[in-house]
>>> print(open('model38.cif').read())   # mmCIF, C-alpha atoms
data_entry
#
loop_
_atom_site.label_atom_id
_atom_site.label_comp_id
_atom_site.auth_asym_id
_atom_site.auth_seq_id
_atom_site.Cartn_x
_atom_site.Cartn_y
_atom_site.Cartn_z
CA MET M 24 27.70 10.54 1.78
CA THR M 25 29.06 13.90 2.88
CA ALA M 26 26.94 15.61 0.24
CA LEU M 27 23.88 13.80 1.57
CA ALA M 28 24.79 14.74 5.12
CA ALA M 29 25.16 18.38 4.15
CA ALA M 30 21.86 18.25 2.29
CA ALA M 31 20.12 16.86 5.36
CA SER M 32 21.36 19.57 7.68
CA GLN M 33 20.26 22.64 5.77
CA THR M 34 17.44 23.50 3.42
CA SER M 35 18.31 24.63 -0.07
CA THR M 36 16.28 26.79 -2.40
CA GLY M 37 15.43 23.65 -4.34
CA GLU M 38 13.97 22.07 -1.25
CA ALA M 39 11.95 25.19 -0.48
CA PHE M 40 10.58 25.16 -4.04
CA GLN M 41 9.76 21.46 -3.75
CA PHE M 42 8.06 22.06 -0.41
CA TRP M 43 5.81 24.84 -1.65
CA VAL M 44 4.80 23.04 -4.85
CA LEU M 45 4.29 19.55 -3.42
CA GLY M 46 2.88 20.89 -0.14
CA THR M 47 0.12 22.67 -2.04
CA VAL M 48 -0.67 19.50 -3.96
CA ALA M 49 -0.71 17.50 -0.71
CA VAL M 50 -3.18 19.88 0.93
CA VAL M 51 -5.39 19.83 -2.17
CA GLY M 52 -5.27 16.02 -2.14
CA ALA M 53 -6.21 15.91 1.53
CA LEU M 54 -9.10 18.32 0.97
CA SER M 55 -10.41 16.29 -1.92
CA THR M 56 -10.13 13.14 0.21
CA VAL M 57 -12.61 14.75 2.57
CA LEU M 58 -14.83 16.48 0.03
CA MET M 59 -15.11 13.99 -2.87
CA LYS M 60 -18.50 12.32 -3.07
CA LYS M 61 -17.36 8.89 -4.26
CA ALA M 62 -15.15 6.72 -2.06
CA VAL M 63 -12.97 5.71 -5.03
CA HIS M 64 -12.04 9.33 -5.74
CA SER M 65 -11.26 9.87 -2.05
CA ALA M 66 -8.99 6.82 -2.07
CA LEU M 67 -7.11 7.98 -5.16
CA SER M 68 -6.51 11.49 -3.82
CA LEU M 69 -5.35 10.01 -0.51
CA ALA M 70 -2.89 7.82 -2.42
CA GLY M 71 -1.54 10.94 -4.15
CA THR M 72 -1.12 12.72 -0.82
CA MET M 73 0.75 9.72 0.58
CA ILE M 74 3.16 9.63 -2.35
CA ILE M 75 3.93 13.32 -1.78
CA LEU M 76 4.53 12.62 1.91
CA ALA M 77 6.98 9.89 0.83
CA VAL M 78 8.88 12.51 -1.18
CA PHE M 79 8.98 14.72 1.91
CA TYR M 80 10.38 11.84 3.97
CA LEU M 81 13.11 11.37 1.38
CA ALA M 82 13.84 15.11 1.44
CA ASN M 83 14.10 14.97 5.23
CA GLY M 84 16.79 12.28 5.11
CA ALA M 85 14.48 9.40 6.07
CA TYR M 86 15.39 7.25 3.07
CA PHE M 87 14.11 3.98 4.50
CA LEU M 88 10.80 5.46 5.62
CA GLY M 89 10.24 7.13 2.25
CA ILE M 90 10.49 3.82 0.43
CA VAL M 91 8.43 2.02 3.09
CA GLN M 92 5.77 4.72 2.79
CA ILE M 93 5.40 4.05 -0.93
CA VAL M 94 5.54 0.26 -0.62
CA VAL M 95 3.35 -0.18 2.46
CA TYR M 96 0.96 2.76 2.33
CA THR M 97 0.30 3.41 -1.33
CA GLY M 98 1.10 -0.15 -2.34
CA ALA M 99 -0.62 -2.27 0.28
CA ILE M 100 -2.96 -0.19 2.41
CA MET M 101 -4.53 1.88 -0.35
CA MET M 102 -5.02 -1.19 -2.52
CA LEU M 103 -6.77 -2.84 0.43
CA PHE M 104 -8.99 0.24 0.62
CA LEU M 105 -9.76 -0.03 -3.09
CA PHE M 106 -10.64 -3.72 -2.72
CA VAL M 107 -13.08 -2.91 0.07
CA VAL M 108 -14.55 -0.01 -1.92
CA MET M 109 -15.15 -2.39 -4.80
CA LEU M 110 -16.63 -4.98 -2.43
CA VAL M 111 -18.86 -2.61 -0.47
CA GLY M 112 -19.27 0.47 -2.61
CA VAL M 113 -21.62 -0.87 -5.27
CA THR M 114 -24.77 0.06 -3.41
CA ALA M 115 -23.27 2.19 -0.64
CA ALA M 116 -24.44 5.73 -1.25
CA ASP M 117 -23.41 8.41 1.21
CA SER M 118 -26.60 9.68 2.79
CA LEU M 119 -26.96 13.44 2.62
CA LYS M 120 -29.53 13.63 5.41
CA GLU M 121 -28.11 15.09 8.61
CA THR M 122 -28.97 13.09 11.71
CA ILE M 123 -27.75 15.80 14.10
CA LYS M 124 -28.85 19.26 13.03
CA GLY M 125 -25.99 21.53 11.98
CA GLN M 126 -23.42 18.80 12.56
CA ARG M 127 -21.40 19.66 9.45
CA TRP M 128 -20.95 23.31 10.32
CA LEU M 129 -20.15 22.49 13.92
CA ALA M 130 -17.59 19.93 12.76
CA ALA M 131 -16.02 22.38 10.31
CA GLY M 132 -15.88 25.01 13.07
CA CYS M 133 -14.24 22.54 15.45
CA GLY M 134 -11.72 21.64 12.75
CA ILE M 135 -10.79 25.25 12.07
CA GLY M 136 -10.47 26.01 15.79
CA PHE M 137 -8.31 22.94 16.32
CA GLY M 138 -6.10 23.88 13.38
CA VAL M 139 -5.67 27.44 14.64
CA LEU M 140 -4.70 26.13 18.08
CA LEU M 141 -2.16 23.68 16.61
CA ILE M 142 -0.58 26.19 14.26
CA ALA M 143 -0.43 28.88 16.94
CA GLY M 144 1.28 26.40 19.25
CA ILE M 145 3.87 25.50 16.63
CA GLY M 146 4.38 29.17 15.80
CA ASN M 147 5.19 29.97 19.42
CA ALA M 148 7.79 27.23 19.75
CA SER M 149 11.33 28.34 18.92
CA LEU M 150 12.25 25.88 16.19
CA LYS M 151 14.65 27.72 13.95
CA SER M 152 17.03 25.27 12.29
CA PHE M 153 17.74 21.65 11.52
CA ASN M 154 20.55 19.86 13.30
CA GLY M 155 20.59 17.46 10.38
CA LEU M 156 20.80 13.70 10.26
CA GLY M 157 24.31 13.61 8.85
CA THR M 158 26.13 12.25 11.91
CA ALA M 159 23.25 9.97 12.91
CA ASN M 160 23.03 8.49 9.42
CA THR M 161 26.77 8.01 8.96
CA ALA M 162 27.44 6.62 12.46
CA HIS M 163 26.46 3.09 11.42
CA GLY M 164 27.14 3.42 7.72
CA GLY M 165 23.75 4.62 6.50
CA ASN M 166 20.13 5.37 7.28
CA VAL M 167 18.94 1.75 7.08
CA GLU M 168 21.83 0.48 9.21
CA GLY M 169 21.24 3.23 11.78
CA LEU M 170 17.54 2.36 12.03
CA ALA M 171 18.36 -1.36 12.28
CA SER M 172 20.84 -0.82 15.10
CA LEU M 173 18.19 1.12 17.04
CA ILE M 174 15.34 -1.32 16.33
CA PHE M 175 17.32 -4.37 17.38
CA THR M 176 18.84 -2.87 20.54
CA LYS M 177 16.88 -0.06 22.16
CA TYR M 178 13.48 -0.82 20.68
CA VAL M 179 13.72 -4.61 20.40
CA PHE M 180 10.89 -5.18 22.87
CA ALA M 181 8.52 -2.87 20.97
CA PHE M 182 9.56 -4.59 17.77
CA GLU M 183 8.61 -8.02 19.11
CA ILE M 184 5.30 -6.72 20.40
CA THR M 185 4.71 -5.40 16.88
CA GLY M 186 5.09 -8.95 15.60
CA ALA M 187 2.46 -10.14 18.08
CA LEU M 188 0.19 -7.29 16.97
CA LEU M 189 0.50 -8.25 13.30
CA ILE M 190 -0.34 -11.90 14.04
CA THR M 191 -3.34 -10.81 16.13
CA ALA M 192 -4.56 -8.51 13.37
CA THR M 193 -4.30 -11.27 10.77
CA VAL M 194 -6.21 -13.77 12.90
CA GLY M 195 -8.74 -11.08 13.81
CA ALA M 196 -9.41 -10.23 10.17
CA MET M 197 -9.88 -13.90 9.33
CA VAL M 198 -12.28 -14.41 12.25
CA LEU M 199 -14.27 -11.26 11.45
CA THR M 200 -14.76 -11.95 7.76
CA HIS M 201 -15.31 -15.68 8.11
CA ARG M 202 -18.90 -16.69 7.51
CA GLU M 203 -20.16 -19.85 9.10
CA ARG M 204 -22.25 -21.99 6.74
CA THR M 205 -25.59 -22.44 8.47
CA GLU M 206 -27.17 -24.80 5.96
CA ARG M 207 -25.96 -27.87 4.15
CA ALA M 208 -24.28 -27.30 0.79
CA LYS M 209 -26.40 -28.39 -2.17
CA THR M 210 -25.30 -31.53 -3.97
CA GLN M 211 -24.89 -31.61 -7.71
CA ARG M 212 -28.05 -33.70 -8.09
CA GLU M 213 -30.13 -31.19 -6.13
CA MET M 214 -28.75 -28.33 -8.17
CA SER M 215 -29.63 -30.03 -11.45
CA GLU M 216 -33.11 -30.85 -10.18
CA ASP M 217 -33.61 -27.21 -9.19
CA ARG M 218 -32.55 -26.17 -12.62
CA VAL M 219 -35.05 -28.40 -14.34
CA ARG M 220 -37.83 -27.15 -12.05
CA SER M 221 -37.06 -23.50 -12.76
CA ASN M 222 -37.58 -22.55 -16.39
CA HIS M 223 -33.90 -22.08 -17.22
CA LEU M 224 -32.56 -25.36 -18.47
CA PRO M 225 -29.94 -23.86 -20.81
CA PRO M 226 -27.41 -21.34 -19.46
CA LEU M 227 -28.55 -17.75 -18.92
CA PRO M 228 -28.71 -15.73 -22.14
CA ALA M 229 -25.65 -13.68 -23.04
CA PRO M 230 -25.75 -9.89 -23.21
CA GLY M 231 -26.17 -8.26 -26.56
CA VAL M 232 -27.68 -11.22 -28.38
CA TYR M 233 -29.78 -9.93 -31.30
CA ALA M 234 -28.86 -6.38 -30.26
CA ARG M 235 -26.65 -4.28 -32.50
CA HIS M 236 -23.65 -4.50 -30.11
CA ASN M 237 -22.54 -7.28 -27.81
CA ALA M 238 -20.89 -5.34 -24.96
CA VAL M 239 -21.65 -6.58 -21.43
CA ASP M 240 -23.68 -3.50 -20.50
CA ILE M 241 -26.13 -3.87 -23.38
CA ALA M 242 -29.19 -5.98 -22.75
CA GLY M 243 -29.89 -8.78 -25.20
CA LEU M 244 -33.13 -8.62 -27.16
CA LEU M 245 -35.93 -11.11 -26.88
CA PRO M 246 -37.47 -12.42 -30.14
CA ASP M 247 -40.14 -9.73 -29.99
CA GLY M 248 -37.50 -6.98 -29.77
CA THR M 249 -37.83 -6.03 -26.09
CA PRO M 250 -34.57 -5.95 -24.05
CA SER M 251 -34.20 -8.71 -21.44
CA GLU M 252 -32.88 -7.65 -18.04
CA LEU M 253 -31.73 -11.20 -17.34
CA THR M 254 -28.86 -10.89 -19.78
CA VAL M 255 -27.02 -8.12 -17.91
CA MET M 256 -25.14 -8.97 -14.75
CA SER M 257 -26.72 -8.00 -11.46
CA THR M 258 -24.05 -5.44 -10.43
CA LEU M 259 -24.62 -3.35 -13.56
CA ARG M 260 -28.39 -3.74 -13.15
CA LYS M 261 -28.17 -2.48 -9.56
CA ARG M 262 -26.05 0.51 -10.55
CA GLY M 263 -28.40 1.33 -13.42
CA GLN M 264 -25.55 1.19 -15.92
CA MET M 265 -27.35 -0.72 -18.66
CA ARG M 266 -26.84 0.96 -22.00
CA ASP M 267 -29.56 1.36 -24.58
CA VAL M 268 -28.21 1.59 -28.12
CA SER M 269 -31.44 1.24 -30.08
CA GLN M 270 -31.41 4.91 -31.08
CA GLU M 271 -27.66 5.19 -31.55
CA SER M 272 -27.41 4.41 -35.27
CA LEU M 273 -30.26 6.78 -36.08
CA ALA M 274 -28.50 9.52 -34.13
CA GLY M 275 -25.26 8.76 -35.99
CA LEU M 276 -27.04 9.05 -39.34
CA LYS M 277 -28.53 12.39 -38.26
CA ALA M 278 -25.12 13.74 -37.26
CA LEU M 279 -23.64 12.60 -40.59
CA GLU M 280 -26.42 14.34 -42.51
CA GLN M 281 -25.91 17.51 -40.56
CA ARG M 282 -22.16 17.48 -41.16
CA SER M 283 -22.51 16.91 -44.88
CA GLY M 284 -25.18 19.58 -44.98
CA GLU M 285 -22.84 22.04 -43.31
CA ARG M 286 -20.18 21.23 -45.87
CA LEU M 287 -22.23 21.20 -49.07
CA GLY M 288 -25.84 22.16 -48.93
CA ARG M 289 -26.12 24.95 -46.41
CA ASP M 290 -26.04 27.65 -49.14
CA THR M 291 -28.51 25.94 -51.46
CA GLU M 292 -30.90 25.46 -48.55
CA GLU M 293 -30.71 29.14 -47.77
CA GLU M 294 -31.30 30.00 -51.41
CA GLU M 295 -34.37 27.80 -51.42
CA VAL M 296 -35.61 29.57 -48.36
CA ALA M 297 -34.93 32.93 -50.06
CA LYS M 298 -36.93 31.87 -53.13
CA MET J 23 13.39 27.75 4.35
CA ASN J 24 12.27 27.58 7.96
CA PRO J 25 11.97 23.93 9.08
CA VAL J 26 8.76 24.80 10.93
CA ASN J 27 7.00 24.80 7.56
CA TYR J 28 6.99 21.00 7.57
CA LEU J 29 5.30 21.08 10.97
CA TYR J 30 2.72 23.56 9.71
CA LEU J 31 1.97 21.23 6.81
CA ALA J 32 1.65 18.28 9.20
CA ALA J 33 -0.72 20.26 11.44
CA LEU J 34 -2.81 21.28 8.43
CA LEU J 35 -3.10 17.71 7.15
CA PHE J 36 -3.98 16.45 10.63
CA THR J 37 -6.70 19.09 10.95
CA ILE J 38 -8.17 18.23 7.55
CA GLY J 39 -8.21 14.55 8.53
CA ALA J 40 -9.88 15.26 11.87
CA ALA J 41 -12.53 17.44 10.23
CA GLY J 42 -13.12 14.65 7.70
CA VAL J 43 -13.70 12.12 10.47
CA LEU J 44 -16.32 14.44 11.97
CA ILE J 45 -18.00 15.39 8.71
CA ARG J 46 -18.13 12.25 6.57
CA ARG J 47 -20.68 9.48 7.09
CA ASN J 48 -19.26 6.74 4.88
CA ALA J 49 -17.24 4.41 7.12
CA ILE J 50 -14.58 3.80 4.47
CA VAL J 51 -13.95 7.51 3.96
CA VAL J 52 -13.84 8.05 7.74
CA PHE J 53 -11.17 5.37 7.84
CA MET J 54 -9.18 7.08 5.11
CA CYS J 55 -9.30 10.31 7.10
CA VAL J 56 -7.86 8.46 10.11
CA GLU J 57 -5.03 7.26 7.83
CA LEU J 58 -4.45 10.87 6.79
CA MET J 59 -4.10 11.89 10.44
CA LEU J 60 -1.60 9.08 11.07
CA ASN J 61 0.42 10.18 8.05
CA ALA J 62 0.47 13.78 9.23
CA CYS J 63 1.87 12.61 12.58
CA ASN J 64 4.52 10.61 10.75
CA LEU J 65 5.59 13.70 8.84
CA ALA J 66 5.93 15.62 12.13
CA PHE J 67 8.00 12.76 13.62
CA VAL J 68 10.35 12.65 10.62
CA THR J 69 10.79 16.43 10.72
CA PHE J 70 11.57 16.37 14.44
CA SER J 71 14.04 13.56 13.82
CA ARG J 72 15.90 15.77 11.36
CA MET J 73 15.64 18.78 13.66
CA HIS J 74 17.22 17.00 16.60
CA GLY J 75 19.68 14.95 14.62
CA ASN J 76 18.80 11.48 15.91
CA LEU J 77 16.91 8.58 14.44
CA ASP J 78 14.42 7.92 17.25
CA GLY J 79 11.68 9.91 15.53
CA GLN J 80 12.01 7.78 12.42
CA ILE J 81 11.72 4.63 14.56
CA ILE J 82 8.46 5.93 16.04
CA ALA J 83 7.16 6.73 12.55
CA PHE J 84 8.09 3.21 11.45
CA PHE J 85 6.13 1.68 14.34
CA THR J 86 3.21 3.96 13.52
CA MET J 87 3.20 2.54 9.99
CA VAL J 88 3.13 -1.03 11.29
CA VAL J 89 0.30 -0.25 13.69
CA ALA J 90 -1.60 1.55 10.91
CA ALA J 91 -1.29 -1.52 8.68
CA ALA J 92 -2.68 -3.78 11.43
CA GLU J 93 -5.44 -1.28 12.19
CA VAL J 94 -6.50 -1.08 8.55
CA VAL J 95 -6.72 -4.86 8.27
CA VAL J 96 -8.99 -5.18 11.31
CA GLY J 97 -11.02 -2.05 10.56
CA LEU J 98 -11.77 -3.00 6.99
CA ALA J 99 -12.76 -6.50 8.16
CA ILE J 100 -15.22 -4.87 10.59
CA ILE J 101 -16.61 -2.66 7.81
CA VAL J 102 -17.08 -5.66 5.51
CA SER J 103 -18.86 -7.70 8.17
CA LEU J 104 -21.06 -4.69 9.09
CA PHE J 105 -21.90 -4.26 5.43
CA ARG J 106 -22.88 -7.91 5.21
CA SER J 107 -25.35 -7.66 8.07
CA ARG J 108 -26.78 -4.20 7.33
CA HIS J 109 -26.16 -3.66 3.60
CA SER J 110 -24.81 -0.18 4.25
CA ALA J 111 -21.42 1.33 5.02
CA SER J 112 -22.87 4.44 6.63
CA VAL J 113 -21.74 5.20 10.17
CA ASP J 114 -25.17 6.45 11.17
CA ASP J 115 -26.84 3.16 10.37
CA ALA J 116 -24.72 1.42 13.00
CA SER J 117 -26.32 3.45 15.80
CA LEU J 118 -28.45 0.53 16.94
CA MET J 119 -26.78 -2.03 19.12
CA LYS J 120 -28.79 -4.82 17.54
CA LEU J 121 -29.83 -5.37 13.97
#
>>> encode(input="model38.cif", output="C-alpha cells")
Amino acid sequence: MTALAAAASQTSTGEAFQFWVLGTVAVVGALSTVLMKKAVHSALSLAGTMIILAVFYLANGAYFLGIVQIVVYTGAIMMLFLFVVMLVGVTAADSLKETIKGQRWLAAGCGIGFGVLLIAGIGNASLKSFNGLGTANTAHGGNVEGLASLIFTKYVFAFEITGALLITATVGAMVLTHRERTERAKTQREMSEDRVRSNHLPPLPAPGVYARHNAVDIAGLLPDGTPSELTVMSTLRKRGQMRDVSQESLAGLKALEQRSGERLGRDTEEEEVAK
Amino acid sequence: MNPVNYLYLAALLFTIGAAGVLIRRNAIVVFMCVELMLNACNLAFVTFSRMHGNLDGQIIAFFTMVVAAAEVVVGLAIIVSLFRSRHSASVDDASLMKL
C-alpha cells in the first residue's frame, strides 16, 4: 500500500511515457469519433477513447472509478449505443447538405477558440505538483472503502437522489419507446385467410435456391434464371447489399488461365508473336 | 511530468466533443460527442482529486457517470421514437414542431 501511495503522489518516467503514448491515441480516437462518416465507426473509436481514460483513472489512483469506467461506459453505455445504431442506422444516412451556410467552419472556429481559451486558462493557473491520494486512500483502508465512507455519510442525500433519477430514467425510457397498439391484433384464422388470398401459400423462397451459392445475400433464381428479390431479406435489399455471383466462376476461370499462362506459356506466346 | 498535462488532455477532449456536437448532424453521433465531453470532465475531476489529495473529486466523477447512464437511456429512447415517426436520425429533420 505504501508503494501505491508513493506512486500516487508523484509522476514517474513510466507514467509520463504512458501519458504521451495513450494521450495521443485518446485524442486520435476522439477526433475520429467526430470525423468518421459511419456511426458504428464513431462508436468504436469512442469506446477506445473511454478505455484509455479508464487507464488514466487507474494511473491517477482512482482504482474504483477506473473499473467502473470500463464496466459502465464501455460495457453498458457503448453497447446501448451500438444497439441503437443497429436499430436506427440501417437507412440513416448523414446528410451532407448544410442547412445554415458556413456552419461547419463557424463551428470549427468556435471549437478552436474555446479550446485556446480553456488551455490558456489552465496554463495560467499555478498547478505544479500532486499532493497524492496516499493518505486519503489509506485512511479507511483503501480507495473503495474511502469512497464508500464519503458516499454514505457526506453525500448520502445525493446518492439517494441518484437512485430516484435512475428509476425515473428507466420508467421514462419504457414510456418513450412503448408503442400503443391502435388496431386489433389479427387472429390466426384471419392471417391464414390473408395468406390464401395473396399468392404466397407456401413459405417465402429461401435465398440462393438454384443459384451457385446459398449465402443469405445472394438472390435465389427463378426457373427462367432471373434473380428474385423476394428471397433476400428486406434489410439487405434496402442497403443494396445483394451479391451477384453469376459471373464469379467465369472470372475465377480467367484468373486461373492467366496464372497458368504466366507460369508456362508466356514465352511460347511471345515466340508465336515473334514468328 | 507536470500534472497539468492531464488537464490539458481533458480540455482538448472536451473541445473536440463540443466541436463535434456543433458539426455533426446525426443525432446518435451528437450524443456520443456529449458523452465524450462528460468523460473529459471526469478526467479533470479525477486529476484534481489527486492534486488536492482528497476523494471528493472522485465522488463527483462517480455521480457524473450515474447521471450519464440515465441520460443515455432517456436520450436514446427519444432518438428511437423520433426515428419511428420521421424515419431519420438527422437533427435537422426535427426542426418542425409537428410531423
>>> resolve_selection(input="model38.cif", expression="the PyMOL selection byres ((chain M and resi 150) around 9)", output="VMD selection string")
(chain M and resid 145 to 149 151 to 153) or (chain J and resid 24 to 26 73)
>>> residues_around(input="model38.cif", residues="range 84-100 of chain J", least_positions_apart="4", cutoff="7 Å", atoms="all atoms listed in the file", output="MDAnalysis selection string")
(chainID M and resid 88 100 189 192 195:196 199:200) or (chainID J and resid 80 104)
>>> resolve_selection(input="model38.cif", expression="the PyMOL selection byres ((chain J and resi 74) around 10)", output="PyMOL selection string")
(chain M and resi 152-156+159) or (chain J and resi 69-73+75-79)
>>> atom_distance(input="model38.cif", atom1="CA of Gly42 in chain J", atom2="CA of Val111 in chain M")
19.9 Å
>>> atom_distance(input="model38.cif", atom1="CA of Thr37 in chain J", atom2="CA of Gly138 in chain M")
5.4 Å
>>> closest_residue(input="model38.cif", among="J:Ala111, J:Ile82, J:Phe67, J:Val102", to="Leu29 in chain J", atoms="only C-alpha atoms")
J:Phe67
>>> closest_residue(input="model38.cif", among="J:Ala66, J:Met59, J:Val113, J:Ala41", to="chain M", atoms="only C-alpha atoms")
J:Ala41
>>> residues_near_point(input="model38.cif", point="(-16.9, 8.6, 8.5)", cutoff="12 Å", atoms="all atoms listed in the file", output="ChimeraX atom specification")
/M:56-58,62,117-118,127 /J:39-57,101,111-116
>>> closest_residue(input="model38.cif", among="M:Pro246, M:Gly132, M:Gly164, M:Gly263", to="chain J", atoms="all atoms listed in the file")
M:Gly132
>>> atom_distance(input="model38.cif", atom1="CA of Ile241 in chain M", atom2="CA of Arg266 in chain M")
5.1 Å
>>> residues_around(input="model38.cif", residues="Asn27 in chain J", least_positions_apart="4", cutoff="10 Å", atoms="all atoms listed in the file", output="PyMOL selection string")
(chain M and resi 39+42-43+46+145-146) or (chain J and resi 23+31-33+69)
>>> residues_around(input="model38.cif", residues="Leu105 in chain M", least_positions_apart="3", cutoff="8 Å", atoms="all atoms listed in the file", output="JSON, numbers by chain")
{"M": [63, 66, 101, 102, 108, 109]}
>>> build_atoms(input="model38.cif", residues="range 96-111 of chain M", atoms="N, CA and C atoms", output="PDB file, in the coordinates of the input")
ATOM      1  N   TYR M  96       2.182   1.967   2.330  1.00  0.00           N
ATOM      2  CA  TYR M  96       0.960   2.760   2.330  1.00  0.00           C
ATOM      3  C   TYR M  96       0.287   2.769   0.966  1.00  0.00           C
ATOM      4  N   THR M  97       0.979   3.320  -0.042  1.00  0.00           N
ATOM      5  CA  THR M  97       0.300   3.410  -1.330  1.00  0.00           C
ATOM      6  C   THR M  97       0.211   2.052  -2.004  1.00  0.00           C
ATOM      7  N   GLY M  98       1.133   1.153  -1.683  1.00  0.00           N
ATOM      8  CA  GLY M  98       1.100  -0.150  -2.340  1.00  0.00           C
ATOM      9  C   GLY M  98       0.109  -1.090  -1.696  1.00  0.00           C
ATOM     10  N   ALA M  99       0.188  -1.251  -0.382  1.00  0.00           N
ATOM     11  CA  ALA M  99      -0.620  -2.270   0.280  1.00  0.00           C
ATOM     12  C   ALA M  99      -1.916  -1.700   0.846  1.00  0.00           C
ATOM     13  N   ILE M 100      -1.789  -0.652   1.668  1.00  0.00           N
ATOM     14  CA  ILE M 100      -2.960  -0.190   2.410  1.00  0.00           C
ATOM     15  C   ILE M 100      -3.998   0.414   1.481  1.00  0.00           C
ATOM     16  N   MET M 101      -3.545   1.257   0.528  1.00  0.00           N
ATOM     17  CA  MET M 101      -4.530   1.880  -0.350  1.00  0.00           C
ATOM     18  C   MET M 101      -5.173   0.860  -1.280  1.00  0.00           C
ATOM     19  N   MET M 102      -4.394  -0.164  -1.673  1.00  0.00           N
ATOM     20  CA  MET M 102      -5.020  -1.190  -2.520  1.00  0.00           C
ATOM     21  C   MET M 102      -6.054  -1.977  -1.733  1.00  0.00           C
ATOM     22  N   LEU M 103      -5.781  -2.193  -0.436  1.00  0.00           N
ATOM     23  CA  LEU M 103      -6.770  -2.840   0.430  1.00  0.00           C
ATOM     24  C   LEU M 103      -8.041  -1.998   0.486  1.00  0.00           C
ATOM     25  N   PHE M 104      -7.847  -0.676   0.618  1.00  0.00           N
ATOM     26  CA  PHE M 104      -8.990   0.240   0.620  1.00  0.00           C
ATOM     27  C   PHE M 104      -9.783   0.101  -0.676  1.00  0.00           C
ATOM     28  N   LEU M 105      -9.058   0.050  -1.802  1.00  0.00           N
ATOM     29  CA  LEU M 105      -9.760  -0.030  -3.090  1.00  0.00           C
ATOM     30  C   LEU M 105     -10.526  -1.338  -3.206  1.00  0.00           C
ATOM     31  N   PHE M 106      -9.921  -2.433  -2.700  1.00  0.00           N
ATOM     32  CA  PHE M 106     -10.640  -3.720  -2.720  1.00  0.00           C
ATOM     33  C   PHE M 106     -11.942  -3.597  -1.950  1.00  0.00           C
ATOM     34  N   VAL M 107     -11.871  -3.000  -0.749  1.00  0.00           N
ATOM     35  CA  VAL M 107     -13.080  -2.910   0.070  1.00  0.00           C
ATOM     36  C   VAL M 107     -14.094  -1.979  -0.575  1.00  0.00           C
ATOM     37  N   VAL M 108     -13.615  -0.900  -1.219  1.00  0.00           N
ATOM     38  CA  VAL M 108     -14.550  -0.010  -1.920  1.00  0.00           C
ATOM     39  C   VAL M 108     -15.266  -0.772  -3.020  1.00  0.00           C
ATOM     40  N   MET M 109     -14.503  -1.626  -3.730  1.00  0.00           N
ATOM     41  CA  MET M 109     -15.150  -2.390  -4.800  1.00  0.00           C
ATOM     42  C   MET M 109     -16.123  -3.420  -4.228  1.00  0.00           C
ATOM     43  N   LEU M 110     -15.793  -3.966  -3.050  1.00  0.00           N
ATOM     44  CA  LEU M 110     -16.630  -4.980  -2.430  1.00  0.00           C
ATOM     45  C   LEU M 110     -17.907  -4.369  -1.876  1.00  0.00           C
ATOM     46  N   VAL M 111     -17.771  -3.201  -1.244  1.00  0.00           N
ATOM     47  CA  VAL M 111     -18.860  -2.610  -0.470  1.00  0.00           C
ATOM     48  C   VAL M 111     -19.553  -1.520  -1.258  1.00  0.00           C
TER      49      VAL M 111
END
